[in-house]
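The block underneath contains the structure these notes are about, expressed in structure tokens.
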Amino acid sequence: MNLTGLVENKFKELYDRQPLVVRSPGRVNLIGEHTDYNEGYVLPAAIDKAIYLAIAPRNDRTCTLFAFDKNESHQFSVDAFSPSRKGWPNYLVGVVDQLRKAGHDLGGFDCVFAGDIPIGAGLSSSAALEMGFAFALNHLFDLKIDKLALVKLAQKSENEFVGVHCGIMDQFINIFGRENNLLRIDCRSLEFKYFAFDFDVSIILLDTHISRSLASSEYNRRREECNEGVNAVRNRFPQVTHLRDVSLEMLNECRQDTTGLIYKRCKYVIEENQRVLNACRALENRDLPSFGQYLFESHRGLSHEYEVSCKELDFLVDLTRAIPDVVGSRMMGGGFGGCTINLVHPRAVDEVRAFVTRKYNQRFRSGPSCYITTVGAGTTSVKLDENATARIP
Ligand code: GLA
């Protein structure tokens with residue numbers, strides 16, 4: 001059974017009525033890592049793996065959540081809630097919190113969700129959950145919130161309720177994603193542009209299964225380091241508010257005003273921003289080999305300068321660098337584990353997968369998982385039942 005049918009059936013079994021079903025995808029990011037919170041550029045895409053939420057309103061103020069994959073539930077009142085120690089409910093309760101803070105009138109509801117986005121792999125399952133849920137509530141209670149406002153609301157909920165100071169990329173691509181297109185987002189102006197991704201190339205994700213427990217603390221620390229960099233540069237260039245405003249020349253002029261570590265971090269971000277623009281130009285020129293080289297360069301910076309990689313991710317990228325049929329490869333997402341993203345000629349996919357799995361096994365005594373993914377659409381409702389969701393416009 002597909003996941004739409006699965007959440008719908010479970011919902012009917014638990015609550016005996018017809019729900020609205022929403023599909024909310026995971027994402028990959030081709031290039032532009034750790035640039036979003038520096039008001040720079042990113043180039044993500046929504047993928048074919050997703051979370052499905054079945055949801056319908058209730059007549060009272062109670063909210064129930066059922067996580068199918070964990071077989072766990074959580075209940076709270078729409079008027080009184082606090083963070084849960086179970087973890088996963090916070091991605092959803094945080095959205096309710098933000099909606100209430102923004103003055104929206106919500107009633108109670110029942111919700112069942114399940115998905116096939118690997119958790120902790122850096123594919124933004126958390127943003128998928130937040131955004132799918134925000135999208136569903138927006139429909140269910142006819143809140144008339146536009147897409148961009150939903151994005152900001154979900155990001156704020158992760159910042160405030162979950163405590164990860166993430167940028168805007170994951171929530172943004174989740175809803176603006178389009179089949180067979182990459183999306184370049186300017187994280188300052190929030191202007192965006194689609195780039196057709198119709199090349200004869202496969203996207204392969206190699207999942208290290210390394211737990212990213214370090215990730216949120218180190219992630220927040222990288223943000224602070226970038227702020228330190230901005231402060232150092234501002235002494236000479238007071239107009240600077242984010243690393244987006246800083247060129248390499250400016251940074252070099254200020255080299256003595258900061259530590260070697262902060263210099264490295266800033267240099268990476270400035271160069272990565274430029275790489276996104278260069279990579280987009282390569283796409284426009286149908287120059288896939290150059291596009292791939294920017295991915296390898298991005299990884300080098302993430303590993304040596306921004307220092308958010310790990311030995312398993314480095315090993316995978318080093319392996320693939322030597323294979324001519326691999327166009328480009330790099331670690332993806334926040335870092336410290338999760339996946340590498342690899343662009344591979346379709347004819348070589350099986351061979352690359354077998355080779356990498358064997359070598360990785362020899363070195364780390366366990367296999368990476370390999371997912372072949374495609375670029376899909378953003379969040380959308382897949383099943384609307386007018387009777388059950390009376391307030392849907
Ligand atoms: C996480 C965050 C994003 C972004 C990436 C790194 O996925 O949620 O906002 O900062 O890390 O590029």
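So you can find residues: chains in the structure tokens are A, B, ... in the order shown, residues in each start at 1, and ligands are numbered from 1 in order.
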
Would you pick out the contacts of A:Asn342 at 7 Å or less, using only C-alpha atoms, so that residues sharing its chain but fewer than 4 positions from it are not included, and give the list as a PyMOL selection string?
chain A and resi 203-205+326+328-330

Requested in this report: List all protein, DNA and RNA residues that have at least one atom no more than 9 Å from any atom of ligand 1, counting only C-alpha atoms and all ligand atoms, and write them as a PyMOL selection string.
Outcome: chain A and resi 29+31-38+42+122-124+126-127+155+158+164-171+219+332-335

Residues just named, written with N, CA and C atoms as a PDB file, in the first residue's frame:
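Everything below was put into selection-v7.pdb:
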```
ATOM      1  N   ASN A  29      20.159  19.344  -1.185  1.00  0.00           N
ATOM      2  CA  ASN A  29      20.703  20.662  -1.529  1.00  0.00           C
ATOM      3  C   ASN A  29      21.898  20.411  -2.422  1.00  0.00           C
ATOM      4  N   ILE A  31      23.996  22.642  -3.853  1.00  0.00           N
ATOM      5  CA  ILE A  31      25.157  23.443  -3.427  1.00  0.00           C
ATOM      6  C   ILE A  31      24.652  24.682  -2.685  1.00  0.00           C
ATOM      7  N   GLY A  32      25.517  25.233  -1.816  1.00  0.00           N
ATOM      8  CA  GLY A  32      25.127  26.381  -0.990  1.00  0.00           C
ATOM      9  C   GLY A  32      24.818  25.864   0.403  1.00  0.00           C
ATOM     10  N   GLU A  33      25.872  25.412   1.096  1.00  0.00           N
ATOM     11  CA  GLU A  33      25.654  24.832   2.432  1.00  0.00           C
ATOM     12  C   GLU A  33      26.123  25.828   3.484  1.00  0.00           C
ATOM     13  N   HIS A  34      25.322  25.978   4.510  1.00  0.00           N
ATOM     14  CA  HIS A  34      25.587  26.932   5.597  1.00  0.00           C
ATOM     15  C   HIS A  34      25.678  28.373   5.078  1.00  0.00           C
ATOM     16  N   THR A  35      24.982  28.617   4.020  1.00  0.00           N
ATOM     17  CA  THR A  35      24.939  29.984   3.484  1.00  0.00           C
ATOM     18  C   THR A  35      23.602  30.656   3.795  1.00  0.00           C
ATOM     19  N   ASP A  36      22.566  29.864   4.065  1.00  0.00           N
ATOM     20  CA  ASP A  36      21.233  30.491   4.201  1.00  0.00           C
ATOM     21  C   ASP A  36      21.181  31.474   5.371  1.00  0.00           C
ATOM     22  N   TYR A  37      21.752  31.082   6.510  1.00  0.00           N
ATOM     23  CA  TYR A  37      21.672  31.984   7.666  1.00  0.00           C
ATOM     24  C   TYR A  37      22.702  33.127   7.570  1.00  0.00           C
ATOM     25  N   ASN A  38      23.513  33.103   6.526  1.00  0.00           N
ATOM     26  CA  ASN A  38      24.401  34.237   6.245  1.00  0.00           C
ATOM     27  C   ASN A  38      23.819  35.123   5.145  1.00  0.00           C
ATOM     28  N   VAL A  42      21.325  29.469  -1.919  1.00  0.00           N
ATOM     29  CA  VAL A  42      21.285  28.008  -1.805  1.00  0.00           C
ATOM     30  C   VAL A  42      20.633  27.460  -3.085  1.00  0.00           C
ATOM     31  N   GLY A 122      19.938  14.056   7.061  1.00  0.00           N
ATOM     32  CA  GLY A 122      20.181  15.376   6.475  1.00  0.00           C
ATOM     33  C   GLY A 122      19.264  15.656   5.297  1.00  0.00           C
ATOM     34  N   LEU A 123      18.111  14.976   5.254  1.00  0.00           N
ATOM     35  CA  LEU A 123      17.168  15.179   4.147  1.00  0.00           C
ATOM     36  C   LEU A 123      15.967  15.998   4.598  1.00  0.00           C
ATOM     37  N   SER A 124      16.100  16.637   5.750  1.00  0.00           N
ATOM     38  CA  SER A 124      15.092  17.583   6.237  1.00  0.00           C
ATOM     39  C   SER A 124      13.740  16.956   6.530  1.00  0.00           C
ATOM     40  N   SER A 126      12.555  16.870   9.399  1.00  0.00           N
ATOM     41  CA  SER A 126      11.907  17.740  10.389  1.00  0.00           C
ATOM     42  C   SER A 126      11.178  18.906   9.710  1.00  0.00           C
ATOM     43  N   ALA A 127      11.808  19.526   8.729  1.00  0.00           N
ATOM     44  CA  ALA A 127      11.127  20.616   8.011  1.00  0.00           C
ATOM     45  C   ALA A 127       9.911  20.069   7.270  1.00  0.00           C
ATOM     46  N   GLN A 155       9.852  27.951  10.246  1.00  0.00           N
ATOM     47  CA  GLN A 155      11.254  28.163  10.628  1.00  0.00           C
ATOM     48  C   GLN A 155      11.328  28.685  12.066  1.00  0.00           C
ATOM     49  N   GLU A 158      10.786  25.999  14.602  1.00  0.00           N
ATOM     50  CA  GLU A 158      11.977  25.170  14.855  1.00  0.00           C
ATOM     51  C   GLU A 158      13.000  25.940  15.703  1.00  0.00           C
ATOM     52  N   VAL A 164      16.712  24.644  17.462  1.00  0.00           N
ATOM     53  CA  VAL A 164      17.762  24.664  16.436  1.00  0.00           C
ATOM     54  C   VAL A 164      17.589  25.948  15.644  1.00  0.00           C
ATOM     55  N   HIS A 165      18.676  26.727  15.572  1.00  0.00           N
ATOM     56  CA  HIS A 165      18.577  28.023  14.909  1.00  0.00           C
ATOM     57  C   HIS A 165      18.815  27.884  13.409  1.00  0.00           C
ATOM     58  N   CYS A 166      18.008  27.047  12.785  1.00  0.00           N
ATOM     59  CA  CYS A 166      18.181  26.747  11.358  1.00  0.00           C
ATOM     60  C   CYS A 166      17.894  27.981  10.507  1.00  0.00           C
ATOM     61  N   GLY A 167      18.393  27.935   9.283  1.00  0.00           N
ATOM     62  CA  GLY A 167      18.084  28.988   8.325  1.00  0.00           C
ATOM     63  C   GLY A 167      16.732  28.710   7.670  1.00  0.00           C
ATOM     64  N   ILE A 168      16.524  29.330   6.510  1.00  0.00           N
ATOM     65  CA  ILE A 168      15.181  29.267   5.910  1.00  0.00           C
ATOM     66  C   ILE A 168      15.080  28.254   4.767  1.00  0.00           C
ATOM     67  N   MET A 169      16.244  27.687   4.370  1.00  0.00           N
ATOM     68  CA  MET A 169      16.265  26.851   3.158  1.00  0.00           C
ATOM     69  C   MET A 169      15.277  25.689   3.186  1.00  0.00           C
ATOM     70  N   ASP A 170      15.295  24.907   4.254  1.00  0.00           N
ATOM     71  CA  ASP A 170      14.557  23.633   4.246  1.00  0.00           C
ATOM     72  C   ASP A 170      13.056  23.856   4.157  1.00  0.00           C
ATOM     73  N   GLN A 171      12.564  24.814   4.911  1.00  0.00           N
ATOM     74  CA  GLN A 171      11.129  25.098   4.898  1.00  0.00           C
ATOM     75  C   GLN A 171      10.734  25.707   3.540  1.00  0.00           C
ATOM     76  N   TYR A 219      26.088  23.327  15.010  1.00  0.00           N
ATOM     77  CA  TYR A 219      25.388  24.189  14.047  1.00  0.00           C
ATOM     78  C   TYR A 219      25.221  25.580  14.638  1.00  0.00           C
ATOM     79  N   MET A 332      26.182  16.737   2.572  1.00  0.00           N
ATOM     80  CA  MET A 332      25.011  17.591   2.366  1.00  0.00           C
ATOM     81  C   MET A 332      24.307  17.884   3.688  1.00  0.00           C
ATOM     82  N   GLY A 333      23.812  19.100   3.822  1.00  0.00           N
ATOM     83  CA  GLY A 333      23.034  19.462   5.008  1.00  0.00           C
ATOM     84  C   GLY A 333      23.921  20.024   6.110  1.00  0.00           C
ATOM     85  N   GLY A 334      23.434  19.945   7.325  1.00  0.00           N
ATOM     86  CA  GLY A 334      24.127  20.534   8.465  1.00  0.00           C
ATOM     87  C   GLY A 334      25.502  19.924   8.710  1.00  0.00           C
ATOM     88  N   GLY A 335      25.650  18.624   8.467  1.00  0.00           N
ATOM     89  CA  GLY A 335      26.956  17.984   8.593  1.00  0.00           C
ATOM     90  C   GLY A 335      27.097  17.065   9.788  1.00  0.00           C
TER      91      GLY A 335
END
```

- Message: According to DSSP computed on the backbone, where in stretch 77-250 of chain A is there alpha helix (DSSP H)? Give the residues as a VMD selection string.
- Response: chain A and resid 89 to 101 125 to 140 147 to 157 169 to 176 215 to 234 248 to 250

Among A:Pro118, A:Pro83, A:Gly108, A:Gly378, A:Pro44 is approached most closely, using only C-alpha atoms, by A:Gly378

A:Ser73 proximity check over A:Asp110, A:Asp60, A:Glu39, A:Glu225, using only C-alpha atoms: winner is A:Asp110

Neighbour list for A:Asn180 as a list in words, cut-off 10 Å, only C-alpha atoms, skip fewer than 6 positions in-chain: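 Counting only C-alpha atoms, the residues come to Ala45, Ala46, Ile47, Tyr194, Phe195, Ala196, Phe197, Asp198, Phe199, Thr374, Val375, Gly376 and Ala377 of chain A.
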
Could you save the residues just selected, with C-alpha atoms, as a CSV table (one decimal), in the first residue's frame?
```
chain,number,residue,atom,x,y,z
A,45,ALA,CA,15.3,20.6,-4.6
A,46,ALA,CA,12.3,18.7,-3.2
A,47,ILE,CA,12.6,15.0,-3.6
A,194,TYR,CA,13.9,27.7,-10.9
A,195,PHE,CA,16.6,25.9,-12.9
A,196,ALA,CA,15.6,23.0,-15.0
A,197,PHE,CA,17.4,19.8,-13.9
A,198,ASP,CA,16.8,17.6,-16.9
A,199,PHE,CA,20.2,16.2,-17.4
A,374,THR,CA,14.5,12.2,-8.1
A,375,VAL,CA,13.5,15.8,-7.9
A,376,GLY,CA,9.8,16.1,-7.0
A,377,ALA,CA,7.1,18.6,-6.2
```

Handout entry: Nearby residues (only C-alpha atoms) at most 12 Å from A:Ala354, same-chain spacing under 4 positions excluded, as a ChimeraX atom specification
Key = /A:206,320,348-350,358-361,367-370

Could you pull out the strand (DSSP E) residues of stretch 49-162 of chain A, going by DSSP on the backbone, and write them as a PyMOL selection string? chain A and resi 49-57+62-67+72-77+109-115

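Checking A:Gly40, A:Gly5, A:Pro25, A:Pro346 one by one against A:Asp200, counting only C-alpha atoms, you find the shortest gap at A:Pro346.
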
Go through A:Val162, A:Leu343, A:Leu140, A:Val317 and flag the residue nearest A:Gly292, using only C-alpha atoms for the distances.
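Looking at the shortest contact to A:Gly292, the residue is A:Leu343.
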
- Neighbour list for A:Glu305 as a PyMOL selection string, cut-off 7 Å, only C-alpha atoms, skip fewer than 6 positions in-chain: chain A and resi 264-265+268

Generate the output file for the selected residues, C-alpha atoms, as a tab-separated table (two decimals), in the first residue's frame.
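Contents of again04.tsv, as written:
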```tsv
chain	number	residue	atom	x	y	z
A	264	LYS	CA	38.54	30.16	7.77
A	265	ARG	CA	34.83	29.97	8.55
A	268	TYR	CA	34.31	29.24	3.27
```

Exercise for the section: Fewer than 5 positions away in the same chain doesn't count, so skip those; otherwise give me all residues within 12 Å of A:Lys86, counting only C-alpha atoms, as JSON, numbers by chain. Expected result: {"A": [67, 70, 72, 73, 74, 75, 91, 93, 162]}

Residues just named, written with C-alpha atoms as a PDB file, in the first residue's frame:
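After the write, part.pdb holds the following:
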```pdb
ATOM      1  CA  ALA A  67       3.375   8.880  14.694  1.00  0.00           C
ATOM      2  CA  LYS A  70       7.082   5.025  16.015  1.00  0.00           C
ATOM      3  CA  GLU A  72       3.537   6.610  19.562  1.00  0.00           C
ATOM      4  CA  SER A  73       0.898   9.182  20.256  1.00  0.00           C
ATOM      5  CA  HIS A  74       0.774  12.574  21.904  1.00  0.00           C
ATOM      6  CA  GLN A  75      -2.154  14.633  23.087  1.00  0.00           C
ATOM      7  CA  TYR A  91       8.054  19.799  15.566  1.00  0.00           C
ATOM      8  CA  VAL A  93       3.343  21.514  18.738  1.00  0.00           C
ATOM      9  CA  VAL A 162      12.879  22.826  18.978  1.00  0.00           C
TER      10      VAL A 162
END
```

- Task: Determine, counting only C-alpha atoms, which protein, DNA and RNA residues have an atom within 12 Å of an atom of A:Phe161; residues of the same chain fewer than 5 positions away are not included. Present the result as a PyMOL selection string.
- Result: chain A and resi 81-84+87-98+130+153-156+166

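Using only C-alpha atoms, the nearest neighbour of A:Phe336 within the list A:Leu313, A:Val78, A:Cys226, A:Leu6 is A:Leu313.
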
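We find atom CA of A:Phe172 and atom CA of A:Glu191 to be spaced 11.0 Å apart.
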